[in-house]
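The block underneath contains the structure these notes are about, expressed in structure tokens.
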Amino acid sequence: MTVKIFLMWNSEMLVDGGGDATVATSLLEASNLIVLKEFSIIHSNANLEVHGQGLLNLSGPGDRIEAQRLVLALFYSIHVGPGSVLRSPLENATTDAVTPRLYCEIQDCPVELLHPPEDCNVNSSLSFTLQICRVEDIVVDGLVEGSVVHFHRARTISVQSSGAISASGMGCTGGVGRGKVIGNGVGSGGGHGGKGGLGCFNDSCVEGGISYGNANLPCELGSGSGNDTSGNSTAGGGIIVMGSFEHPLSSLSVEGSVKADGQSFEDLSTKKNYVVRNGSIGGAGGGSGGTILLFLHTLDIGDSAVLSSVGGYGSHMGGGGGGGGRIHFHWSDIPTGDVYQPIASVRGSIRIGGGLGGHELGGGENGTTTGKACPKGLYGIFCEECPVGTYKNVTGSDKSLCHQCPPQEFPHRAVYISVRGGIAETPCPYRCISERYHMPHCYTALEELIYTFGGPWLFCLLLVGLLILLALVLSVARMKFVGVDELPGPAPTQHGSQIDHSFPFLESLNEVLETNRAEESHSHVHRMYFMGPNTFSQPWHLPHTPPEQIKEIVYEGAFNSFVDEINAIATYHWWEGAIYSILAILAYPLAWSWQQWRRRMKLQRLREYVRSEYDHACLRSCRSRALYEGLKVAATPDLMLAYLDFFLGGDEKRTDLPPCLHHRFPMSLIFGGDGSYMAPFSLQNDNILTSLMSQLVPPTICYRLVAGLNAQLRLVRRGRLRATFRPVLRWLETHANPTLQLHGLRVDLAWFQATACGYCQYGLLVYASIDMENPSGRLREETLLTRAQRSSESYMKRKRSHGGIIDTNNVQMLEERRDIFYFLSFIVHNTKPVGHQDLVGLVISVLLLGDFSLVLLTLLQLYSISLVDVFLVLFILPLGILLPFPAGINALFSHGPRRSVGLARVYALWNVTSLINVGVAFLCGYVHYSSGSSPNKKVPNFQPWNFSMDESEWWIFPAGLVLCKIFQSQLVNWHVANLEIQDRTLYSNDFELFWQS
């Protein structure tokens, strides 16, 4: 029949071949359109060809085209609608005359399955039962069913969610892998891709069918249970072939199912009564799965899709399960390299399992799922890229061919990266775990620097050599611009000099603007010391009650008003203390500098007030009030101890003024400083003190005494007064008093003027030696209080002058106040001079440069972790880790010992304060490397001969900084001592050597 358009509406076309195999094939040809609607049927009990040039559409439920052998050809598109059916052979054929003969007993693959003929005509000699040939697009929403289903020269096939292409149970009832039957009718399962399951009855079992065929190019029908003579035999699965070697599919999309399952015993519809032999009910085994052979470019298996070639279930009466079938994907073109695209998207199920048997050991073996051998870099059934970190340099699909990349070519701070088309050769591509690491070795910027210069050991040697060279250049420049620090010997005390050049570089009255005339010492009446340490919380202040020594030369009421004004001026504003507290937390050296600046401004303000603003109304002398010369304010260089000197005006008309030294006894000489590193205790030696003491003691002895005492006092440390005052007490007894007693004097260590806050001042109490009054010396061993009781007047004066004498018995009673900076005293503290000042300066230069180098290397190391870590180290405390270097250079290149000492102490403070920054660097490094933030991190066993810049050595630079800064601190302490104490005999234990030097 040839028509232009063929439309069927609830109609039926029957083609009867008469059961004669010689009857020619029927042909229905429509040049444009064939449409079946509303339960329309085209039925042939023989061969049927349906040709067209347009669309073949089975619209919906009940529409059906079926024949014993069916060919649909030459259409542009075929749509099998929901509920419609394409079937061949017929489901209930009444005659075997024209039923297609299956090649069940032949293992050789029919050539037409792999290389089908180009014409699309029915040929009874071919193995096809249903062929769709030369059709561009095929959409299956219904059922396409046949024993050997073949899609030839099609472009795309789409199996929708309601659609199915099936050859299940339409294979052989016998076949090469047929099951075996025991005497009572129980059979084993058929075999194909896997062996069939055992058939067992009682204790008698029979083997299942064998496995046969080629897994890499299968084209065999599934085998049945083998008992086809009994009428209850199950069949294996058929064959579904899509495409061919020459004409593969462009794409296959499956949302429904494509099945070639073996028949299960329960699915038998032709046998209702089972054969009974020997009184037992027999049961057949399951058929094996068939073949699904796909020649295609791309595949898409949806979430609910199923590709299945499973074995059928055996009878529950002991039948064996059928073996699984075979599914093979033969990819026509597998792109590789940069043009690689995934050829398959598989989200649904692919099943090739064996069927269950009627007993525990009756299950069939699984079948096979294979794909064409993949090119290099790809593996698996669907030729996917080898997993990241593996490579494949041979052809094949087995995953074991993807070998692990050689670890020796892989840096430990790297991760393997995927490459389009897989990795075919080594070395495998990788990238560093962070942009802060640099290819190809994934080194940090620090490690790149180190390994550029030959590795850690050679880099260390080069760095040390460079530091020594730079230090030598620095020392030469320092000697050229500053001069040599070390003197050839102890600095001699020049004749007639009023300043000792050994220590400290004290400000004498000649250097004070208010006391620039030496003759002022002859009119000096009394020195009144300010109370308090001149801090923001405890400023200087004067007591309101005038001392006994000045009551005769001042008006008490006016003096109290003067004290109120002085105390008001000496008080600090709240914001000054607030700034100091903030700086003390952020950067202690800046806090100390701020405090010294405010102290200096406060002293200047006091001097200006007393010198020019105050009218000196408290003085009785008219001359003193007129000339503004009766009161002078001065302070020690450390600005912690201030005093007010009272002078006669010359019109008092009193012969007992000014008092001589004997009448001033007991006389208090209070130390400046507070025993800290920045302000050690010291006794100021000025013109007035020298003039007074020269009444009994030669000036040379006085200068030497003060120099030796200050050398001992500089070793006294706040927070450890009990221990460090003991050497001072011994020195007073062994060196000072034996000489002074020859001149009728004695000095004792004492504390004075305790404030309400508990701060007390320390100094010397000078009084006439009792041995001069009692030459027999019988009272030498008596205590000072016992001697004082002999003269109530002397005792009362002494009690008013000081708080208490300190000796070896009561030194343990001293209260030691420790602040938050007490721990600094264990690192920075005054020491004895060691000599070799140039050598010490050279080593300081080396360590200073080494410190700066280690800081830069540490920051470079932290940069490889995170910029946040660099920021934290730099600003906790702010820039503290960078400031020691410029502070040290400034100290080394300063002119004059006095300036160099002050700057060196500030440098030491910055150096120690920067340890907090180093601690932050330690913390950042520990958090990063202990948290395992670096993937693929390996921690080799640390061996000193196998030193490497790895994560396990992250602590080296911070630890080197700590050691370097500790060494610097000790060397700076020696450097300061060498500058301050250029006469080392001041520390001599030999009494004669000390006084003769």
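In the structure tokens, each chain is lettered A, B, ... as it comes, each chain's residues begin at 1, and ligands are numbered from 1 in order of appearance.
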- Message: Could you list, as JSON, numbers by chain, every residue within 9 Å of A:Trp954, counting only C-alpha atoms and ignoring same-chain residues fewer than 5 positions away?
- Response: {"A": [861, 922, 925, 926, 929, 949]}
Store the residues picked out above, limited to N, CA and C atoms, as a tab-separated table (two decimals), in the first residue's frame.
```
chain	number	residue	atom	x	y	z
A	861	GLN	N	58.10	35.28	56.60
A	861	GLN	CA	57.52	33.97	56.87
A	861	GLN	C	56.04	34.08	57.20
A	922	PHE	N	55.06	33.97	67.62
A	922	PHE	CA	55.01	32.56	68.05
A	922	PHE	C	53.58	32.06	68.03
A	925	GLY	N	52.20	31.62	64.45
A	925	GLY	CA	52.77	30.44	63.81
A	925	GLY	C	52.23	29.15	64.40
A	926	TYR	N	52.08	29.11	65.72
A	926	TYR	CA	51.59	27.88	66.36
A	926	TYR	C	50.15	27.59	65.96
A	929	TYR	N	50.16	26.39	62.12
A	929	TYR	CA	50.74	25.10	61.78
A	929	TYR	C	50.19	23.96	62.62
A	949	MET	N	63.87	24.28	55.69
A	949	MET	CA	62.86	25.28	56.01
A	949	MET	C	61.49	24.70	55.71
```
With only C-alpha atoms as the counted atoms, please give the residues lying no more than 10 Å from A:Arg611, apart from itself and same-chain residues fewer than 2 positions off, as a PDB file with N, CA, C and O atoms, in the first residue's frame.
```
ATOM      1  N   GLU A 514      70.012  78.363  88.143  1.00  0.00           N
ATOM      2  CA  GLU A 514      69.717  79.109  89.358  1.00  0.00           C
ATOM      3  C   GLU A 514      70.889  79.143  90.329  1.00  0.00           C
ATOM      4  O   GLU A 514      70.919  79.947  91.257  1.00  0.00           O
ATOM      5  N   ARG A 605      58.534  74.613  85.104  1.00  0.00           N
ATOM      6  CA  ARG A 605      57.462  75.479  85.621  1.00  0.00           C
ATOM      7  C   ARG A 605      57.724  75.865  87.064  1.00  0.00           C
ATOM      8  O   ARG A 605      57.512  77.030  87.466  1.00  0.00           O
ATOM      9  N   LEU A 606      58.197  74.919  87.890  1.00  0.00           N
ATOM     10  CA  LEU A 606      58.509  75.231  89.292  1.00  0.00           C
ATOM     11  C   LEU A 606      59.636  76.248  89.376  1.00  0.00           C
ATOM     12  O   LEU A 606      59.594  77.182  90.186  1.00  0.00           O
ATOM     13  N   ARG A 607      60.660  76.061  88.544  1.00  0.00           N
ATOM     14  CA  ARG A 607      61.779  77.006  88.565  1.00  0.00           C
ATOM     15  C   ARG A 607      61.332  78.409  88.160  1.00  0.00           C
ATOM     16  O   ARG A 607      61.705  79.411  88.793  1.00  0.00           O
ATOM     17  N   GLU A 608      60.527  78.479  87.131  1.00  0.00           N
ATOM     18  CA  GLU A 608      60.053  79.792  86.704  1.00  0.00           C
ATOM     19  C   GLU A 608      59.208  80.470  87.775  1.00  0.00           C
ATOM     20  O   GLU A 608      59.306  81.686  87.989  1.00  0.00           O
ATOM     21  N   TYR A 609      58.410  79.677  88.443  1.00  0.00           N
ATOM     22  CA  TYR A 609      57.565  80.256  89.479  1.00  0.00           C
ATOM     23  C   TYR A 609      58.415  80.803  90.617  1.00  0.00           C
ATOM     24  O   TYR A 609      58.217  81.935  91.070  1.00  0.00           O
ATOM     25  N   GLU A 613      58.096  84.492  89.414  1.00  0.00           N
ATOM     26  CA  GLU A 613      56.695  84.798  89.692  1.00  0.00           C
ATOM     27  C   GLU A 613      56.413  84.974  91.178  1.00  0.00           C
ATOM     28  O   GLU A 613      55.604  85.831  91.566  1.00  0.00           O
ATOM     29  N   TYR A 614      57.065  84.226  92.011  1.00  0.00           N
ATOM     30  CA  TYR A 614      56.817  84.310  93.448  1.00  0.00           C
ATOM     31  C   TYR A 614      57.633  85.471  94.036  1.00  0.00           C
ATOM     32  O   TYR A 614      58.809  85.663  93.701  1.00  0.00           O
ATOM     33  N   ASP A 615      56.995  86.209  94.939  1.00  0.00           N
ATOM     34  CA  ASP A 615      57.655  87.401  95.506  1.00  0.00           C
ATOM     35  C   ASP A 615      58.507  87.105  96.723  1.00  0.00           C
ATOM     36  O   ASP A 615      59.000  88.024  97.381  1.00  0.00           O
ATOM     37  N   HIS A 616      58.687  85.801  97.037  1.00  0.00           N
ATOM     38  CA  HIS A 616      59.522  85.378  98.160  1.00  0.00           C
ATOM     39  C   HIS A 616      59.038  86.005  99.474  1.00  0.00           C
ATOM     40  O   HIS A 616      59.831  86.348 100.350  1.00  0.00           O
ATOM     41  N   LEU A 627      65.817  90.711  95.924  1.00  0.00           N
ATOM     42  CA  LEU A 627      66.645  90.168  94.843  1.00  0.00           C
ATOM     43  C   LEU A 627      66.161  88.821  94.301  1.00  0.00           C
ATOM     44  O   LEU A 627      66.728  88.304  93.342  1.00  0.00           O
ATOM     45  N   TYR A 628      65.126  88.247  94.943  1.00  0.00           N
ATOM     46  CA  TYR A 628      64.591  86.942  94.513  1.00  0.00           C
ATOM     47  C   TYR A 628      65.683  85.879  94.514  1.00  0.00           C
ATOM     48  O   TYR A 628      65.782  85.060  93.605  1.00  0.00           O
ATOM     49  N   GLU A 629      66.543  85.886  95.564  1.00  0.00           N
ATOM     50  CA  GLU A 629      67.641  84.933  95.600  1.00  0.00           C
ATOM     51  C   GLU A 629      67.647  84.075  96.857  1.00  0.00           C
ATOM     52  O   GLU A 629      68.596  83.357  97.102  1.00  0.00           O
ATOM     53  N   GLY A 630      66.597  84.121  97.611  1.00  0.00           N
ATOM     54  CA  GLY A 630      66.592  83.324  98.836  1.00  0.00           C
ATOM     55  C   GLY A 630      66.125  81.895  98.630  1.00  0.00           C
ATOM     56  O   GLY A 630      66.367  81.041  99.486  1.00  0.00           O
ATOM     57  N   LEU A 631      65.467  81.628  97.520  1.00  0.00           N
ATOM     58  CA  LEU A 631      64.939  80.278  97.264  1.00  0.00           C
ATOM     59  C   LEU A 631      65.391  79.814  95.892  1.00  0.00           C
ATOM     60  O   LEU A 631      65.327  80.566  94.916  1.00  0.00           O
ATOM     61  N   LYS A 632      65.854  78.585  95.828  1.00  0.00           N
ATOM     62  CA  LYS A 632      66.265  77.985  94.559  1.00  0.00           C
ATOM     63  C   LYS A 632      65.707  76.562  94.478  1.00  0.00           C
ATOM     64  O   LYS A 632      65.789  75.798  95.441  1.00  0.00           O
ATOM     65  N   VAL A 633      65.119  76.222  93.307  1.00  0.00           N
ATOM     66  CA  VAL A 633      64.590  74.871  93.077  1.00  0.00           C
ATOM     67  C   VAL A 633      65.515  74.158  92.089  1.00  0.00           C
ATOM     68  O   VAL A 633      65.895  74.730  91.070  1.00  0.00           O
TER      69      VAL A 633
END
```
- Item | Residues of stretch 328-556 of chain A in helix (DSSP H, G or I), written as a ChimeraX atom specification | /A:337-339,399-401,407-409,445-452,456-481,509-511,513-515,518-523,548-550,556
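Distances here use only C-alpha atoms; by that measure, the residue among A:Pro878, A:Gly209, A:Gly185, A:Gly675 closest to A:Arg720 is A:Gly675.
Interatomic distance, atom CA of A:Glu815 to atom CA of A:Ala756: 14.3 Å.
Of the listed residues A:Pro539, A:Pro456, A:Glu246, A:Leu849, the one whose atoms come nearest to A:Glu953 is A:Pro456, with distances taken using only C-alpha atoms.
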- Message: So that I can see what lies close to A:Thr336, please list as a PyMOL selection string the residues with an atom at most 10 Å from it, counting only C-alpha atoms and leaving out residues fewer than 6 positions away in the same chain.
- Response: chain A and resi 342+374-378+383+385+420-422+424
- Item | Shell around A:Gly763 at 10 Å using only C-alpha atoms, local window under 6 positions removed, as a ChimeraX atom specification | /A:668-672,681-683,747-752,802,805-806
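Proximity ranking of A:Pro680, A:Gly532, A:Gly880, A:Pro698 relative to A:Leu590 places A:Gly880 first, based on only C-alpha atoms.
Distance annotation: of A:Cys428, A:Leu892, A:Ile381, A:Leu641, the residue with the minimal separation from A:Asn393 is A:Cys428; atom set is only C-alpha atoms.
Taking only C-alpha atoms, the non-local environment of A:Asn216 within 10 Å (same-chain residues fewer than 4 positions away omitted) comprises Leu293, Arg326, Ile327, His328, Phe329, His330, Thr368, Thr369, Thr370, Gly371, Lys372 and Ala373 of chain A.
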- Message: So that I can see what lies close to A:Val388, please list as number ranges by chain the residues with an atom at most 9 Å from it, counting only C-alpha atoms and leaving out residues fewer than 6 positions away in the same chain.
- Response: A: 416-419, 422-423
